[in-house]
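Note sheet for the following structure.
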Amino acid sequence: MTQKYALVSVSDKTGIIPFVKGLIDLDYKILSTGGTLKVLQENGISAIEVSNYTQSEEMFDGRVKTLHPKIHGGILHRRDNKEDSVVADKYGIFNISLVCVNLYPFKATIERTDCFDTIIENIDIGGPSMIRAAAKNFNDVVVVVDSKDYDNVLENLKGNNTLEFRRNLMIKAFSHTAEYDCMIANYMNNRFNNGFGDSVFIAGKKVMDTNYGENPHQRGSLYEYGEFYSKCFKSLKGVASFNNLTDMNAAIKIASAFGDKDCVCVVKHGNPCGFALKENLIESYRHALQCDSVSAYGGVVAINGVLDLELAKEILKSYIEVVVASCVTQEALESFSHKKRIKIFTCVSHAENKEAKARLYFPRDMWDFKHIEGGFVYQNSDFITSDEVKDSKCVSKTKATHSQMLDLEIAYKIASFTKSNCVTYVKNGSLVAIGMGMTSRVDASHAAIKKAKEMGLDLQGCVLASEAFFPFKDSIELAASVGVSAIIEPGGSIRDDEVIQEADKHNIALYFSGKRHFLH
């Protein structure tokens with residue numbers, strides 16, 4: 001019987017001891033290096049040091065240790081190729097039938113240090129080379145890059161080491177090295193090319209399949225860049241659909257933008273149709289529904305706090321399809337058990353900080369992109385700075401009161417996270433009207449006012465926000481006609497003077513933020 005060798009060299013040592021013991025039980029001899037070899041020996045496991053096996057010492061502080069014909073030849077030579085076998089015999093190259101490797105922790109390194117020398121030394125060379133070699137020769141070699149696969153690998157090696165099994169591991173291995181190289185390339189472009197190099201790479205790991213895409217004839221899945229959805233997003237009841245996920249994205253972005261405040265956001269088809277920030281979550285939910293209770297039917301509710309039994313009873317009074325909160329009490333969850341269609345999720349930081357766990361958590365990605373046919377456009381993500389409203393410039397004779405400034409902040413943030421053209425009307429902490437995704441700003445205003453009238457909402461004394469400048473004074477005239485008391489917009493129109501004059505004419509406080517927030 002030909003001796004089987006397994007090469008084991010891992011940065012992440014999770015589960016490696018029982019895995020290697022299992023390999024030894026299956027008559028594998030173990031080749032290993034550096035820290036992995038030390039851990040194996042400390043646990044009483046016999047392993048051959050790669051440098052002894054190759055009769056070639058490690059060089060350059062370990063930069064060269066597995067780059068050797070006895071290693072790569074042992075992995076790559078084709079077992080059913082006579083000429084390969086002759087060459088292998090000639091040079092004393094033995095079969096390496098299994099390669100278990102995971103890579104230097106480049107991601108963890110760039111998260112903890114900015115020292116470029118340290119970062120360079122944590123770029124793995126030998127590891128990716130061995131993984132790629134083993135993956136290329138998957139006909140004969142088992143390649144393992146994920147500790148979660150150890151038990152399954154051992155079971156298959158006991159008698160079901162099929163080509164399909166090795167092929168699946170091969171795909172995972174190439175995905176692993178591709179993601180690693182993408183991370184390095186993106187880091188270097190971020191560091192030296194302001195993030196806009198000749199190439200940019202978008203890599204994600206599958207979290208789950210959705211039942212379908214936006215429509216039943218489309219397939220869909222959720223992928224994550226890092227570990228946010230795996231660690232921070234949990235399903236307590238039901239499975240999120242493709243559309244649920246995009247709607248939750250919109251709702252959580254808005255609700256989590258208000259820090260530790262008790263706010264609630266309602267979203268339908270990616271657009272907010274309700275928002276309120278009141279003295280408690282129940283009042284916030286009740287007022288959020290008032291903006292557009294018709295659209296809220298079957299919508300998504302994001303709660304910036306704990307969903308308790310009292311709030312659950314309030315939600316059960318109408319049909320909401322999805323609820324996401326920072327935490328859900330057991331009593332609240334049980335109260336939804338008789339409702340088959342409602343889905344309940346939590347979205348909270350996995351940090352141990354109790355204050356952080358009390359509120360919704362969402363990552364703020366540094367980069368944003370949008371698919372267009374044949375490619376994608378790529379940009380820095382848009383952020384609203386914490387003092388953007390506070391630091392805005394009052395350009396009118398009338399100044400906003402303290403309560404109006406609070407409402408302006410709510411209106412401004414909602415507008416900034418909503419499809420352009422967009423206008424938002426807020427009164428006493430509640431969204432009372434919104435027009436979004438329109439081809440003209442004045443049309444957005446007309447749509448918002450019409451909906452408010454249909455809902456029986458009084459706009460008198462409300463504030464107004466626009467995510468881009470008003471090009472003409474007609475928007476101010478329309479705002480004055482319904483009793484708007486204060487407005488915030490970026491400014492920058494060639495007719496700003498006319499807009500300011502119109503605001504002064506109606507004693508409206510007008511603020512320019514100086515920053516546009518288009519969302520197309």
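Every chain in the structure tokens has a letter given in the order shown (A, B, ...), and although residue numbers restart at 1 in each chain, ligands are simply numbered from 1 in the order shown.
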Could you name the residues that touch range 270-279 of chain A at 7 Å or less, counting only C-alpha atoms, but leaving out those on the same chain fewer than 2 positions away, as a list in words?
->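 Near range 270-279 of chain A, the qualifying residues are Thr246, Asp247, Ala250, Asp262, Cys263, Val264, Cys265, Val266, Val267, Lys268, Leu281, Glu283, Ser284, Tyr285, His287, Ala288, Leu289, Cys291, Asp292, Ser295, Ala296, Thr418, Gly429, Ser430 and Leu431 of chain A.
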Keeping only C-alpha atoms, write the selected residues as an mmCIF file, in the first residue's frame.
data_model
loop_
_atom_site.group_PDB
_atom_site.id
_atom_site.type_symbol
_atom_site.label_atom_id
_atom_site.label_comp_id
_atom_site.auth_asym_id
_atom_site.auth_seq_id
_atom_site.Cartn_x
_atom_site.Cartn_y
_atom_site.Cartn_z
ATOM 1 C CA THR A 246 -33.692 45.003 0.555
ATOM 2 C CA ASP A 247 -36.602 46.557 2.451
ATOM 3 C CA ALA A 250 -33.702 50.668 3.834
ATOM 4 C CA ASP A 262 -36.599 55.361 20.488
ATOM 5 C CA CYS A 263 -37.532 55.593 16.826
ATOM 6 C CA VAL A 264 -39.464 53.376 14.414
ATOM 7 C CA CYS A 265 -39.269 53.320 10.620
ATOM 8 C CA VAL A 266 -41.787 51.715 8.267
ATOM 9 C CA VAL A 267 -40.720 50.818 4.718
ATOM 10 C CA LYS A 268 -42.626 49.513 1.724
ATOM 11 C CA LEU A 281 -41.267 52.942 21.104
ATOM 12 C CA GLU A 283 -45.772 56.001 20.670
ATOM 13 C CA SER A 284 -43.145 56.042 17.923
ATOM 14 C CA TYR A 285 -44.791 53.051 16.245
ATOM 15 C CA HIS A 287 -47.215 57.826 14.994
ATOM 16 C CA ALA A 288 -45.092 56.140 12.308
ATOM 17 C CA LEU A 289 -48.209 54.360 11.025
ATOM 18 C CA CYS A 291 -48.061 58.911 7.830
ATOM 19 C CA ASP A 292 -49.327 56.281 5.396
ATOM 20 C CA SER A 295 -48.784 51.644 2.312
ATOM 21 C CA ALA A 296 -47.611 50.275 5.675
ATOM 22 C CA THR A 418 -34.625 57.914 0.204
ATOM 23 C CA GLY A 429 -40.908 64.044 15.618
ATOM 24 C CA SER A 430 -43.141 62.253 13.115
ATOM 25 C CA LEU A 431 -42.964 61.929 9.358
#
What are the DSSP strand (DSSP E) residues of range 413-495 of chain A, as a compact mmCIF listing (two decimals) with all heavy atoms, in the first residue's frame?
# COMPACT_ATOMS: atom_id res chain seq x y z
N VAL A 423 -38.73 64.73 -1.04
CA VAL A 423 -39.01 65.75 -0.03
C VAL A 423 -39.68 65.06 1.15
O VAL A 423 -40.48 64.12 0.97
CB VAL A 423 -39.93 66.88 -0.56
CG1 VAL A 423 -39.18 67.77 -1.53
CG2 VAL A 423 -41.18 66.31 -1.21
N THR A 424 -39.34 65.50 2.35
CA THR A 424 -39.91 64.90 3.56
C THR A 424 -40.46 66.00 4.46
O THR A 424 -39.84 67.07 4.61
CB THR A 424 -38.86 64.09 4.33
OG1 THR A 424 -37.72 64.93 4.59
CG2 THR A 424 -38.41 62.88 3.54
N TYR A 425 -41.60 65.74 5.06
CA TYR A 425 -42.26 66.69 5.95
C TYR A 425 -42.37 66.04 7.33
O TYR A 425 -42.90 64.94 7.45
CB TYR A 425 -43.66 67.04 5.44
CG TYR A 425 -43.70 67.67 4.07
CD1 TYR A 425 -43.46 66.93 2.92
CD2 TYR A 425 -44.01 69.02 3.92
CE1 TYR A 425 -43.50 67.52 1.65
CE2 TYR A 425 -44.08 69.62 2.66
CZ TYR A 425 -43.82 68.85 1.53
OH TYR A 425 -43.86 69.44 0.29
N VAL A 426 -41.87 66.72 8.35
CA VAL A 426 -41.85 66.17 9.70
C VAL A 426 -42.48 67.17 10.66
O VAL A 426 -42.23 68.39 10.57
CB VAL A 426 -40.41 65.84 10.14
CG1 VAL A 426 -40.35 65.48 11.63
CG2 VAL A 426 -39.85 64.69 9.30
N LYS A 427 -43.25 66.65 11.59
CA LYS A 427 -43.91 67.50 12.59
C LYS A 427 -43.90 66.80 13.94
O LYS A 427 -44.35 65.66 14.05
CB LYS A 427 -45.35 67.79 12.16
CG LYS A 427 -46.11 68.75 13.07
CD LYS A 427 -47.49 69.03 12.48
CE LYS A 427 -48.29 69.97 13.36
NZ LYS A 427 -49.63 70.27 12.78
N SER A 430 -42.51 63.26 13.97
CA SER A 430 -43.14 62.25 13.12
C SER A 430 -43.10 62.67 11.65
O SER A 430 -43.32 63.85 11.33
CB SER A 430 -44.60 62.04 13.52
OG SER A 430 -44.72 61.57 14.83
N LEU A 431 -42.84 61.70 10.79
CA LEU A 431 -42.96 61.93 9.36
C LEU A 431 -44.45 62.05 9.03
O LEU A 431 -45.23 61.13 9.30
CB LEU A 431 -42.34 60.76 8.60
CG LEU A 431 -42.32 60.85 7.07
CD1 LEU A 431 -41.37 61.95 6.60
CD2 LEU A 431 -41.91 59.50 6.46
N VAL A 432 -44.85 63.19 8.45
CA VAL A 432 -46.26 63.39 8.15
C VAL A 432 -46.55 63.39 6.65
O VAL A 432 -47.70 63.30 6.23
CB VAL A 432 -46.79 64.70 8.79
CG1 VAL A 432 -46.91 64.53 10.30
CG2 VAL A 432 -45.91 65.89 8.45
N ALA A 433 -45.49 63.49 5.84
CA ALA A 433 -45.68 63.41 4.39
C ALA A 433 -44.33 63.15 3.74
O ALA A 433 -43.30 63.62 4.22
CB ALA A 433 -46.29 64.70 3.84
N ILE A 434 -44.35 62.42 2.64
CA ILE A 434 -43.12 62.15 1.91
C ILE A 434 -43.44 61.92 0.43
O ILE A 434 -44.43 61.28 0.09
CB ILE A 434 -42.36 60.92 2.50
CG1 ILE A 434 -41.03 60.70 1.78
CG2 ILE A 434 -43.23 59.66 2.46
CD1 ILE A 434 -40.13 59.69 2.48
N GLY A 435 -42.61 62.50 -0.40
CA GLY A 435 -42.68 62.24 -1.83
C GLY A 435 -41.31 61.80 -2.29
O GLY A 435 -40.31 62.45 -1.96
N VAL A 463 -41.91 70.90 9.29
CA VAL A 463 -40.67 71.30 8.61
C VAL A 463 -40.51 70.44 7.36
O VAL A 463 -41.14 69.38 7.23
CB VAL A 463 -39.44 71.16 9.53
CG1 VAL A 463 -39.66 71.89 10.85
CG2 VAL A 463 -39.09 69.68 9.76
N LEU A 464 -39.65 70.90 6.48
CA LEU A 464 -39.46 70.25 5.18
C LEU A 464 -37.97 70.07 4.91
O LEU A 464 -37.17 70.96 5.19
CB LEU A 464 -40.09 71.11 4.09
CG LEU A 464 -39.78 70.79 2.61
CD1 LEU A 464 -40.30 69.41 2.24
CD2 LEU A 464 -40.39 71.86 1.72
N ALA A 465 -37.62 68.91 4.36
CA ALA A 465 -36.23 68.67 3.93
C ALA A 465 -36.22 68.17 2.50
O ALA A 465 -37.12 67.43 2.08
CB ALA A 465 -35.55 67.66 4.85
N SER A 466 -35.20 68.58 1.78
CA SER A 466 -34.96 68.09 0.42
C SER A 466 -33.52 67.64 0.34
O SER A 466 -32.62 68.30 0.88
CB SER A 466 -35.23 69.21 -0.59
OG SER A 466 -34.81 68.82 -1.88
N ALA A 486 -40.18 75.62 8.51
CA ALA A 486 -38.72 75.61 8.36
C ALA A 486 -38.33 74.61 7.28
O ALA A 486 -39.01 73.58 7.11
CB ALA A 486 -38.04 75.26 9.68
N ILE A 487 -37.26 74.92 6.58
CA ILE A 487 -36.80 74.07 5.46
C ILE A 487 -35.29 73.90 5.55
O ILE A 487 -34.56 74.85 5.88
CB ILE A 487 -37.16 74.71 4.11
CG1 ILE A 487 -38.69 74.82 3.94
CG2 ILE A 487 -36.56 73.92 2.95
CD1 ILE A 487 -39.12 75.60 2.71
N ILE A 488 -34.83 72.70 5.24
CA ILE A 488 -33.40 72.47 5.07
C ILE A 488 -33.17 71.83 3.72
O ILE A 488 -33.91 70.91 3.32
CB ILE A 488 -32.80 71.62 6.21
CG1 ILE A 488 -31.27 71.53 6.06
CG2 ILE A 488 -33.44 70.23 6.29
CD1 ILE A 488 -30.57 70.98 7.29
N GLU A 489 -32.18 72.33 3.01
CA GLU A 489 -31.79 71.79 1.70
C GLU A 489 -30.32 72.12 1.49
O GLU A 489 -29.75 72.95 2.22
CB GLU A 489 -32.67 72.39 0.60
CG GLU A 489 -32.76 73.92 0.62
CD GLU A 489 -32.52 74.54 -0.74
OE1 GLU A 489 -31.57 74.08 -1.41
OE2 GLU A 489 -33.25 75.47 -1.10
Return as a ChimeraX atom specification the full set of residues in range 5-125 of chain A whose backbone-based DSSP assignment is helix (DSSP H, G or I).
-> /A:16-25,34-42,50-54,69-76,82-90,106-112,116-121
Between range 56-160 of chain A and range 164-168 of chain A, at 9 Å or less, what are the per-residue closest atom pairs and their distances in Å? Count only C-alpha atoms, order by chain and rising residue number, and return it as a tab-separated table.
residue	atom	partner	partner_atom	distance
A:Ala135	CA	A:Arg167	CA	8.2
A:Phe138	CA	A:Arg166	CA	5.8
A:Asn139	CA	A:Arg166	CA	7.2
A:Asp140	CA	A:Arg166	CA	8.4
A:Val141	CA	A:Arg166	CA	7.4
A:Val142	CA	A:Arg166	CA	5.7
A:Val143	CA	A:Arg166	CA	7.4
A:Val153	CA	A:Phe165	CA	8.8
A:Asn156	CA	A:Phe165	CA	7.9
A:Asn160	CA	A:Phe165	CA	8.3
So what do you get for CA of Ser386 in chain A versus CA of Val324 in chain A, distance-wise?
->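 For CA of Ser386 in chain A relative to CA of Val324 in chain A, the distance reads 24.2 Å.
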Set the distance at 12 Å and use only C-alpha atoms: which residues neighbour range 87-92 of chain A once local chain neighbours fewer than 4 positions away are removed? I'd like the list as a JSON list (two decimals) with C-alpha atoms, in the first residue's frame.
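Saved file result27.json follows:
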[["chain", "number", "residue", "atom", "x", "y", "z"],
["A", 53, "TYR", "CA", 11.05, 16.08, 4.54],
["A", 54, "THR", "CA", 12.41, 18.26, 1.72],
["A", 55, "GLN", "CA", 15.98, 18.36, 3.11],
["A", 68, "HIS", "CA", 9.87, 22.99, -3.08],
["A", 69, "PRO", "CA", 9.45, 20.26, -5.77],
["A", 70, "LYS", "CA", 8.93, 17.55, -3.14],
["A", 71, "ILE", "CA", 5.94, 19.51, -1.86],
["A", 72, "HIS", "CA", 4.42, 20.83, -5.06],
["A", 73, "GLY", "CA", 5.42, 17.79, -7.05],
["A", 74, "GLY", "CA", 3.84, 15.58, -4.40],
["A", 75, "ILE", "CA", 0.63, 17.56, -4.74],
["A", 76, "LEU", "CA", 0.55, 18.18, -8.49],
["A", 77, "HIS", "CA", 1.80, 15.04, -10.19],
["A", 78, "ARG", "CA", -0.95, 13.09, -11.94],
["A", 79, "ARG", "CA", -1.28, 9.65, -10.39],
["A", 81, "ASN", "CA", 0.09, 9.57, -15.81],
["A", 82, "LYS", "CA", 3.02, 7.17, -16.36],
["A", 83, "GLU", "CA", 5.48, 9.92, -17.27],
["A", 96, "ILE", "CA", 0.64, 14.20, -0.87]]
Expressed in Å to a single decimal, how great is the separation between CA of Gly35 in chain A and CA of Leu169 in chain A?
->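 If I compute the distance from CA of Gly35 in chain A to CA of Leu169 in chain A, I get 24.5 Å.
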Give the answer as one residue: which of A:Asp443, A:Asp407, A:Asp61, A:Asp496 has the shortest atom-to-atom distance to Phe469 in chain A, using only C-alpha atoms?
->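 Closest candidate: A:Asp496.
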Atomic separation - CA of Ala503 in chain A relative to CA of Phe470 in chain A, Å |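 About the pair CA of Phe470 in chain A and CA of Ala503 in chain A: they are 11.7 Å apart.
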Selected residue, from A:Pro471, A:Gly375, A:Gly238, A:Pro490, that lies nearest to Ser416 in chain A when counting only C-alpha atoms =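 Counting only C-alpha atoms, the residue closest to Ser416 in chain A is A:Pro490.
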Tell me which of A:Arg286, A:Lys21, A:Lys29, A:Lys231 sits closest to Tyr5 in chain A, counting only C-alpha atoms.
->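 Closest candidate: A:Lys29.
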Residue nearest Asp382 in chain A among A:Phe417, A:Lys234, A:Ser396, A:Thr329 (counting only C-alpha atoms) =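 Answer, going by the shortest atom-to-atom distance: A:Phe417.
Taking only C-alpha atoms into account, Ala255 in chain A lies nearest to A:Gly305 out of the set A:Gly298, A:Gly514, A:Gly305, A:Gly220.
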Which polymer residues have any atom within 10 Å of an atom of Asn380 in chain A, counting only C-alpha atoms, with same-chain residues fewer than 4 positions away left out, as a PyMOL selection string?
-> chain A and resi 194-196+365-369
Next, the residues of the selection above should be written as a PDB file, in the first residue's frame with N, CA and C atoms.
ATOM      1  N   ASN A 194      -6.295  55.686  -3.518  1.00  0.00           N
ATOM      2  CA  ASN A 194      -7.554  56.247  -3.025  1.00  0.00           C
ATOM      3  C   ASN A 194      -8.755  55.347  -3.313  1.00  0.00           C
ATOM      4  N   GLY A 195      -8.494  54.068  -3.449  1.00  0.00           N
ATOM      5  CA  GLY A 195      -9.577  53.111  -3.635  1.00  0.00           C
ATOM      6  C   GLY A 195     -10.018  52.895  -5.067  1.00  0.00           C
ATOM      7  N   PHE A 196      -9.434  53.657  -5.991  1.00  0.00           N
ATOM      8  CA  PHE A 196      -9.885  53.574  -7.380  1.00  0.00           C
ATOM      9  C   PHE A 196      -8.733  53.141  -8.283  1.00  0.00           C
ATOM     10  N   ASP A 365     -20.696  50.570   5.202  1.00  0.00           N
ATOM     11  CA  ASP A 365     -19.686  50.199   4.212  1.00  0.00           C
ATOM     12  C   ASP A 365     -19.025  51.453   3.647  1.00  0.00           C
ATOM     13  N   MET A 366     -17.717  51.365   3.434  1.00  0.00           N
ATOM     14  CA  MET A 366     -16.962  52.515   2.927  1.00  0.00           C
ATOM     15  C   MET A 366     -17.148  52.708   1.433  1.00  0.00           C
ATOM     16  N   TRP A 367     -17.600  51.651   0.743  1.00  0.00           N
ATOM     17  CA  TRP A 367     -17.714  51.729  -0.711  1.00  0.00           C
ATOM     18  C   TRP A 367     -19.112  51.327  -1.147  1.00  0.00           C
ATOM     19  N   ASP A 368     -19.530  51.890  -2.244  1.00  0.00           N
ATOM     20  CA  ASP A 368     -20.863  51.642  -2.772  1.00  0.00           C
ATOM     21  C   ASP A 368     -20.754  51.407  -4.280  1.00  0.00           C
ATOM     22  N   PHE A 369     -21.625  50.577  -4.814  1.00  0.00           N
ATOM     23  CA  PHE A 369     -21.603  50.339  -6.254  1.00  0.00           C
ATOM     24  C   PHE A 369     -23.008  50.025  -6.736  1.00  0.00           C
TER      25      PHE A 369
END
Pick from A:Val323, A:Ile45, A:Val145, A:Val294, whichever lies nearest to Met455 in chain A using only C-alpha atoms | A:Val294
Determine, counting only C-alpha atoms, which protein, DNA and RNA residues have an atom within 8 Å of an atom of Asn186 in chain A; residues of the same chain fewer than 2 positions away are not included. Present the result as a ChimeraX atom specification.
-> /A:182-184,188-190,195,200-201
With a distance cut-off of 12 Å and only C-alpha atoms, select the neighbouring residues of Lys158 in chain A, excluding the residue or stretch itself and same-chain residues fewer than 2 positions from it, and output the selection as a ChimeraX atom specification.
-> /A:22-28,151-156,160-162
I need the residues from that last selection saved to file as a compact mmCIF listing (two decimals), in the first residue's frame (with all heavy atoms), if you can.
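This is the output file result.txt:
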# COMPACT_ATOMS: atom_id res chain seq x y z
N GLY A 22 -7.72 12.22 13.49
CA GLY A 22 -8.56 11.44 12.59
C GLY A 22 -7.82 11.02 11.34
O GLY A 22 -8.00 9.89 10.85
N LEU A 23 -6.98 11.91 10.81
CA LEU A 23 -6.18 11.57 9.63
C LEU A 23 -5.18 10.46 9.94
O LEU A 23 -4.97 9.54 9.14
CB LEU A 23 -5.44 12.81 9.12
CG LEU A 23 -6.30 13.92 8.51
CD1 LEU A 23 -5.43 15.12 8.15
CD2 LEU A 23 -7.04 13.42 7.27
N ILE A 24 -4.57 10.54 11.11
CA ILE A 24 -3.60 9.50 11.51
C ILE A 24 -4.30 8.15 11.66
O ILE A 24 -3.77 7.11 11.25
CB ILE A 24 -2.90 9.91 12.82
CG1 ILE A 24 -1.97 11.10 12.55
CG2 ILE A 24 -2.10 8.74 13.41
CD1 ILE A 24 -1.36 11.71 13.79
N ASP A 25 -5.51 8.17 12.19
CA ASP A 25 -6.29 6.93 12.31
C ASP A 25 -6.59 6.33 10.93
O ASP A 25 -6.82 5.11 10.81
CB ASP A 25 -7.62 7.19 13.04
CG ASP A 25 -7.42 7.46 14.53
OD1 ASP A 25 -6.34 7.12 15.04
OD2 ASP A 25 -8.34 8.04 15.15
N LEU A 26 -6.59 7.18 9.90
CA LEU A 26 -6.83 6.71 8.53
C LEU A 26 -5.51 6.45 7.80
O LEU A 26 -5.48 6.39 6.56
CB LEU A 26 -7.66 7.75 7.77
CG LEU A 26 -9.10 7.92 8.27
CD1 LEU A 26 -9.76 9.14 7.61
CD2 LEU A 26 -9.92 6.67 7.97
N ASP A 27 -4.42 6.33 8.57
CA ASP A 27 -3.10 5.94 8.05
C ASP A 27 -2.39 7.03 7.25
O ASP A 27 -1.54 6.73 6.40
CB ASP A 27 -3.20 4.66 7.20
CG ASP A 27 -3.70 3.48 8.01
OD1 ASP A 27 -3.29 3.35 9.17
OD2 ASP A 27 -4.51 2.70 7.47
N TYR A 28 -2.72 8.27 7.50
CA TYR A 28 -1.96 9.36 6.88
C TYR A 28 -0.74 9.68 7.73
O TYR A 28 -0.80 9.67 8.96
CB TYR A 28 -2.82 10.63 6.79
CG TYR A 28 -3.82 10.63 5.65
CD1 TYR A 28 -5.08 10.08 5.83
CD2 TYR A 28 -3.50 11.19 4.42
CE1 TYR A 28 -6.01 10.09 4.80
CE2 TYR A 28 -4.43 11.20 3.38
CZ TYR A 28 -5.68 10.64 3.58
OH TYR A 28 -6.59 10.65 2.56
N ASP A 151 -15.01 17.54 9.99
CA ASP A 151 -15.75 16.31 10.30
C ASP A 151 -16.25 15.64 9.02
O ASP A 151 -16.17 14.41 8.87
CB ASP A 151 -16.93 16.62 11.23
CG ASP A 151 -16.49 16.99 12.64
OD1 ASP A 151 -15.33 16.70 12.99
OD2 ASP A 151 -17.30 17.58 13.37
N ASN A 152 -16.77 16.45 8.11
CA ASN A 152 -17.28 15.91 6.85
C ASN A 152 -16.17 15.27 6.03
O ASN A 152 -16.36 14.22 5.40
CB ASN A 152 -17.96 17.03 6.06
CG ASN A 152 -18.64 16.51 4.81
OD1 ASN A 152 -19.26 15.45 4.81
ND2 ASN A 152 -18.52 17.25 3.72
N VAL A 153 -14.99 15.89 6.03
CA VAL A 153 -13.85 15.33 5.29
C VAL A 153 -13.47 13.97 5.85
O VAL A 153 -13.26 13.00 5.11
CB VAL A 153 -12.66 16.30 5.34
CG1 VAL A 153 -11.38 15.62 4.83
CG2 VAL A 153 -12.95 17.55 4.51
N LEU A 154 -13.37 13.86 7.17
CA LEU A 154 -13.00 12.59 7.79
C LEU A 154 -14.01 11.50 7.44
O LEU A 154 -13.64 10.36 7.14
CB LEU A 154 -12.88 12.75 9.31
CG LEU A 154 -11.68 13.58 9.80
CD1 LEU A 154 -11.77 13.78 11.30
CD2 LEU A 154 -10.36 12.92 9.42
N GLU A 155 -15.28 11.85 7.49
CA GLU A 155 -16.32 10.86 7.16
C GLU A 155 -16.18 10.38 5.72
O GLU A 155 -16.31 9.18 5.43
CB GLU A 155 -17.70 11.47 7.38
CG GLU A 155 -18.13 11.55 8.83
CD GLU A 155 -18.14 10.19 9.52
OE1 GLU A 155 -18.71 9.24 8.93
OE2 GLU A 155 -17.56 10.06 10.61
N ASN A 156 -15.93 11.30 4.80
CA ASN A 156 -15.79 10.92 3.39
C ASN A 156 -14.53 10.12 3.13
O ASN A 156 -14.52 9.22 2.27
CB ASN A 156 -15.81 12.18 2.51
CG ASN A 156 -17.22 12.65 2.20
OD1 ASN A 156 -17.84 12.22 1.24
ND2 ASN A 156 -17.72 13.55 3.05
N ASN A 160 -15.92 7.18 1.16
CA ASN A 160 -16.76 7.80 0.14
C ASN A 160 -16.07 9.02 -0.46
O ASN A 160 -16.69 10.06 -0.68
CB ASN A 160 -18.11 8.19 0.75
CG ASN A 160 -19.16 8.47 -0.31
OD1 ASN A 160 -19.10 7.90 -1.40
ND2 ASN A 160 -20.10 9.35 -0.01
N ASN A 161 -14.78 8.87 -0.70
CA ASN A 161 -13.96 9.98 -1.22
C ASN A 161 -14.21 10.11 -2.72
O ASN A 161 -13.37 9.77 -3.56
CB ASN A 161 -12.49 9.71 -0.93
CG ASN A 161 -11.60 10.85 -1.37
OD1 ASN A 161 -12.07 11.90 -1.80
ND2 ASN A 161 -10.29 10.64 -1.26
N THR A 162 -15.39 10.62 -3.07
CA THR A 162 -15.80 10.66 -4.47
C THR A 162 -15.23 11.87 -5.20
O THR A 162 -14.80 12.85 -4.58
CB THR A 162 -17.33 10.72 -4.57
OG1 THR A 162 -17.78 11.95 -3.99
CG2 THR A 162 -17.97 9.55 -3.84
